[in-house]
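> This is the structure I have questions about; it appears just below.
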Amino acid sequence: MKKLTQGKLPPNLLRKIIKEYIGIVDKKVLVGPEVGFDSAIIQITDDKIVVTTDPALFIPREIPIEMFAFGLVHFAGSDIAVFGAKPKWMIYNLLFPPYTDSSFILDIAKAVDKECKKWNISIIGGHTGVYSGIKIPIGTTTMIGELISDRPILPSGAKPGDSIILTKWLGLEFLVALSYSKPNLIENLLGKKGLEKYRTLYTMQTTIPEAMLLTKELKPHAMHDVTEGGLAAALNEMADSSNVDFIIREVNLPISTDLDKVFSELKIDPLKVSSTGSLLISIEKEKTDDVISLLSRSGIHASIIGEFKKKGTGRFLEIEGKVLPFPEPGTDFFADFFVISNNKKV
């Protein structure tokens with residue numbers, strides 16, 4: 001058997017688990033586990049609820065409690081929102097190493113409660129404990145939401161001819177993490193003001209605002225957050241489940257000057273790094289301008305990066321007039337970098 005590295009399971013292994021070991025016996029489960037699907041949908045009387053679960057590890061240790069709490073709420077909340085639903089109820093588990101100070105636990109609980117109240121999310125249960133097998137604080141969240149449109153928005157809904165739109169900045173999550181784990185590196189590359197700036201931008205690592213706004217106003221065909229595996233994973237997952245192909249234009253990818261400088265220095269492919277907070281959107285071409293305008297009015301940057309094509313036409317990346325095969329999903333540079341860094345203590 002293959003030894004696994006940090007991060008998501010390889011798609012083939014995940015498909016095997018879903019196919020062979022996931023049994024759904026209740027007909028009220030309308031949408032169950034699929035590769036690239038981060039939530040499920042259950043019919044409850046006349047209503048449909050959307051359910052998901054996600055981890056939020058307290059890594060690196062230097063990150064503030066508020067950042068950990070933000071991830072605990074928004075990582076799972078975003079999975080709900082991209083299905084066209086509003087996050088409403090939350091259950092979370094917090095696991096701590098022995099001899100954790102009780103005041104630290106209380107501070108985390110307070111920060112989580114504060115973040116939930118911003119979004120009118122009710123905490124309805126969970127579990128908190130101290131265990132000998134835990135080396136760093138670990139949180140997991142189960143989030144439940146209600147559909148806010150007449151139909152769910154699934155990652156399998158992309159159609160040939162749809163525009164592909166991406167919000168925010170590709171790889172921003174990586175730069176934010178580096179600002180805490182490798183502050184000297186970021187200060188050397190971007191200066192002290194750059195370091196301070198990116199330490200505050202963890203609040204952009206959510207897709208709840210844009211996903212809910214688009215659902216209410218424009219009803220995209222499909223949405224998917226660009227998390228583990230980066231754009232290479234998210235786009236291929238959406239195309240696989242929708243049975244379409246695509247072309248992406250590198251010149252339109254939202255990579256800021258700061259991000260480009262960091263990626264070049266570390267020799268990292270921005271297509272293969274987790275970009276939590278960036279939303280991948282598939283929508284009719286005639287609605288493209290409406291998407292850009294709607295998001296811009298809410299202070300959310302969005303870029304048209306390509307379009308979906310009919311299945312069989314191929315998946316391509318256009319670079320300076322050359323059309324190359326679009327990368328297959330692979331090891332996430334985010335996970336790979338931090339594993340190497342932690343092991344080598346660089």
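Scheme for the structure tokens: letters A, B, ... for chains in order shown; per-chain residue numbers from 1; ligand numbers from 1 in order shown.
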Which neighbours of stretch 214-222 of chain A fall inside 9 Å, counting only C-alpha atoms, when residues of the same chain fewer than 2 positions from it are skipped, and could you give them as a compact mmCIF listing (two decimals) with C-alpha atoms, in the first residue's frame?

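Listing of out-v7.txt after writing:
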# COMPACT_ATOMS: atom_id res chain seq x y z
CA ALA A 81 -22.20 28.38 1.32
CA VAL A 82 -20.79 27.05 -1.97
CA PHE A 83 -23.75 24.63 -2.11
CA GLY A 84 -26.11 27.61 -2.15
CA ALA A 85 -26.96 27.50 1.55
CA ILE A 148 -31.30 29.95 0.32
CA SER A 149 -32.40 29.24 -3.26
CA ILE A 153 -25.65 24.67 -6.37
CA LEU A 154 -23.46 21.61 -6.90
CA PRO A 155 -19.87 21.36 -8.18
CA SER A 156 -21.27 19.09 -10.91
CA GLY A 157 -23.36 21.88 -12.47
CA ALA A 158 -20.78 23.49 -14.79
CA LYS A 159 -21.87 23.65 -18.44
CA ASP A 162 -19.83 28.88 -18.99
CA PRO A 209 -19.87 36.33 1.61
CA GLU A 210 -19.49 35.89 -2.16
CA ALA A 211 -21.09 32.44 -2.34
CA MET A 212 -24.23 33.58 -0.50
CA HIS A 224 -16.18 25.26 -5.50
CA MET A 238 -15.42 20.46 -11.00
CA SER A 242 -19.66 18.11 -14.54
CA LEU A 280 -14.32 29.07 -8.34
CA ILE A 281 -17.52 30.02 -10.18
CA SER A 282 -19.17 28.58 -13.30
CA ILE A 283 -21.87 30.78 -14.79
CA GLU A 284 -23.41 31.72 -18.16
CA LYS A 287 -23.93 36.98 -16.59
CA ASP A 290 -22.99 41.06 -13.53
CA VAL A 291 -20.82 38.77 -11.37
CA LEU A 294 -21.86 42.53 -7.95
CA LEU A 295 -18.73 41.29 -6.21
> When DSSP works through the backbone of this structure, what residues of stretch 117-340 of chain A end up as strand (DSSP E or B), shown as a ChimeraX atom specification?
/A:122-130,138-147,163-167,222-225,244-249,279-283,302-310,315-319,322-325
> Rounded to one decimal in Å, what is the spacing between atom CA of A:Leu166 and atom CA of A:Lys86?
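Result for atom CA of A:Leu166 versus atom CA of A:Lys86: 20.6 Å, one decimal.
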> Excluding same-chain residues fewer than 5 positions from A:Leu266, what lies within 12 Å of it counting only C-alpha atoms, as a list of chain:residue names?
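The contact residues come out as A:Phe174, A:Leu175, A:Leu178, A:Leu185, A:Ile186, A:Leu189, A:Leu259, A:Asp260, A:Lys261, A:Phe333, A:Phe334, A:Phe337.
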> Compile the contact shell of stretch 91-107 of chain A as number ranges by chain: residues with an atom at most 12 Å away, counting only C-alpha atoms, same-chain residues fewer than 6 positions apart removed.
A: 51-58, 64-66, 68-69, 71-73, 76-77, 113-114, 116, 121-145
> Fewer than 5 positions away in the same chain doesn't count, so skip those; otherwise give me all residues within 10 Å of A:Ser256, counting only C-alpha atoms, as a list in words.
Lys168, Trp169, Leu170, Gly171, Leu172 and Lys261 of chain A
> Take the residues from that selection and put them in a file with C-alpha atoms, as a PDB file, in the first residue's frame.

ATOM      1  CA  LYS A 168      -9.569  37.036  -4.539  1.00  0.00           C
ATOM      2  CA  TRP A 169      -5.894  36.108  -5.041  1.00  0.00           C
ATOM      3  CA  LEU A 170      -4.446  32.738  -5.949  1.00  0.00           C
ATOM      4  CA  GLY A 171      -2.202  31.458  -3.153  1.00  0.00           C
ATOM      5  CA  LEU A 172      -3.078  34.155  -0.617  1.00  0.00           C
ATOM      6  CA  LYS A 261       7.684  37.363  -5.778  1.00  0.00           C
TER       7      LYS A 261
END
> For A:Phe246, which residue out of A:Ile319, A:Val50, A:Val226, A:Ile164 is the nearest one, using only C-alpha atoms?
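Using only C-alpha atoms, the shortest distance to A:Phe246 belongs to A:Ile164.
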> Taking a cut-off of 9 Å and counting only C-alpha atoms, can you build a table that, for each residue of stretch 124-157 of chain A near stretch 41-47 of chain A, reports the nearest atom pair and how far apart they are in Å (one decimal), sorted by chain then residue number, as a tab-separated table?

residue	atom	partner	partner_atom	distance
A:Glu146	CA	A:Asp47	CA	7.9
A:Leu147	CA	A:Asp47	CA	8.2
A:Pro152	CA	A:Ile41	CA	8.4
> Please determine, counting only C-alpha atoms, which residue among A:Asp79, A:Glu62, A:Asp258, A:Glu318 has the shortest atom-to-atom distance to A:Gly36.
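Using only C-alpha atoms, the shortest distance to A:Gly36 belongs to A:Asp79.
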> Could you pull the residues within 8 Å of A:Asn243, counting only C-alpha atoms, minus those fewer than 3 positions along the same chain, as a PyMOL selection string?
chain A and resi 156+239-240+311
> Restricting it to N, CA and C atoms, dump the selection as an mmCIF file, in the first residue's frame.

data_model
loop_
_atom_site.group_PDB
_atom_site.id
_atom_site.type_symbol
_atom_site.label_atom_id
_atom_site.label_comp_id
_atom_site.auth_asym_id
_atom_site.auth_seq_id
_atom_site.Cartn_x
_atom_site.Cartn_y
_atom_site.Cartn_z
ATOM 1 N N SER A 156 -21.040 19.833 -9.672
ATOM 2 C CA SER A 156 -21.273 19.092 -10.914
ATOM 3 C C SER A 156 -22.141 19.852 -11.905
ATOM 4 N N ALA A 239 -14.627 19.901 -13.230
ATOM 5 C CA ALA A 239 -14.776 19.421 -14.608
ATOM 6 C C ALA A 239 -15.124 17.936 -14.646
ATOM 7 N N ASP A 240 -14.478 17.142 -13.786
ATOM 8 C CA ASP A 240 -14.774 15.702 -13.737
ATOM 9 C C ASP A 240 -16.231 15.451 -13.382
ATOM 10 N N LYS A 311 -17.047 18.249 -23.339
ATOM 11 C CA LYS A 311 -16.198 17.105 -23.006
ATOM 12 C C LYS A 311 -15.556 16.546 -24.260
#
> Quick check, in Å to one decimal: how far apart do atom CA of A:Leu235 and atom CA of A:Tyr202 lie?
23.0 Å
> If you run DSSP on the backbone here, which positions in stretch 29-262 of chain A get alpha helix (DSSP H)? Please write them as a PyMOL selection string.
chain A and resi 65-81+102-118+172-181+183-200+208-217+230-242+257-262
> Considering only C-alpha atoms, can you say which of A:Lys27, A:Lys192, A:His74, A:Lys285 comes closest to A:Gln205?
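For A:Gln205, the nearest of the candidates is A:His74.
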> Would you mind listing what lies within 9 Å of A:Ile63 as a list in words, with only C-alpha atoms counted and same-chain residues fewer than 6 positions away left out?
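The contact residues come out as Ala177, Tyr180, Ser181 and Arg199 of chain A.
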> Looking at A:Leu231, A:Val31, A:Met90, A:Ile59, which one is nearest to A:Leu253, with distances taken over only C-alpha atoms?
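Closest candidate: A:Leu231.
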> Give the answer as one residue: which of A:Ala111, A:Ala302, A:Val273, A:Val176 has the shortest atom-to-atom distance to A:Gly229, using only C-alpha atoms?
A:Val273
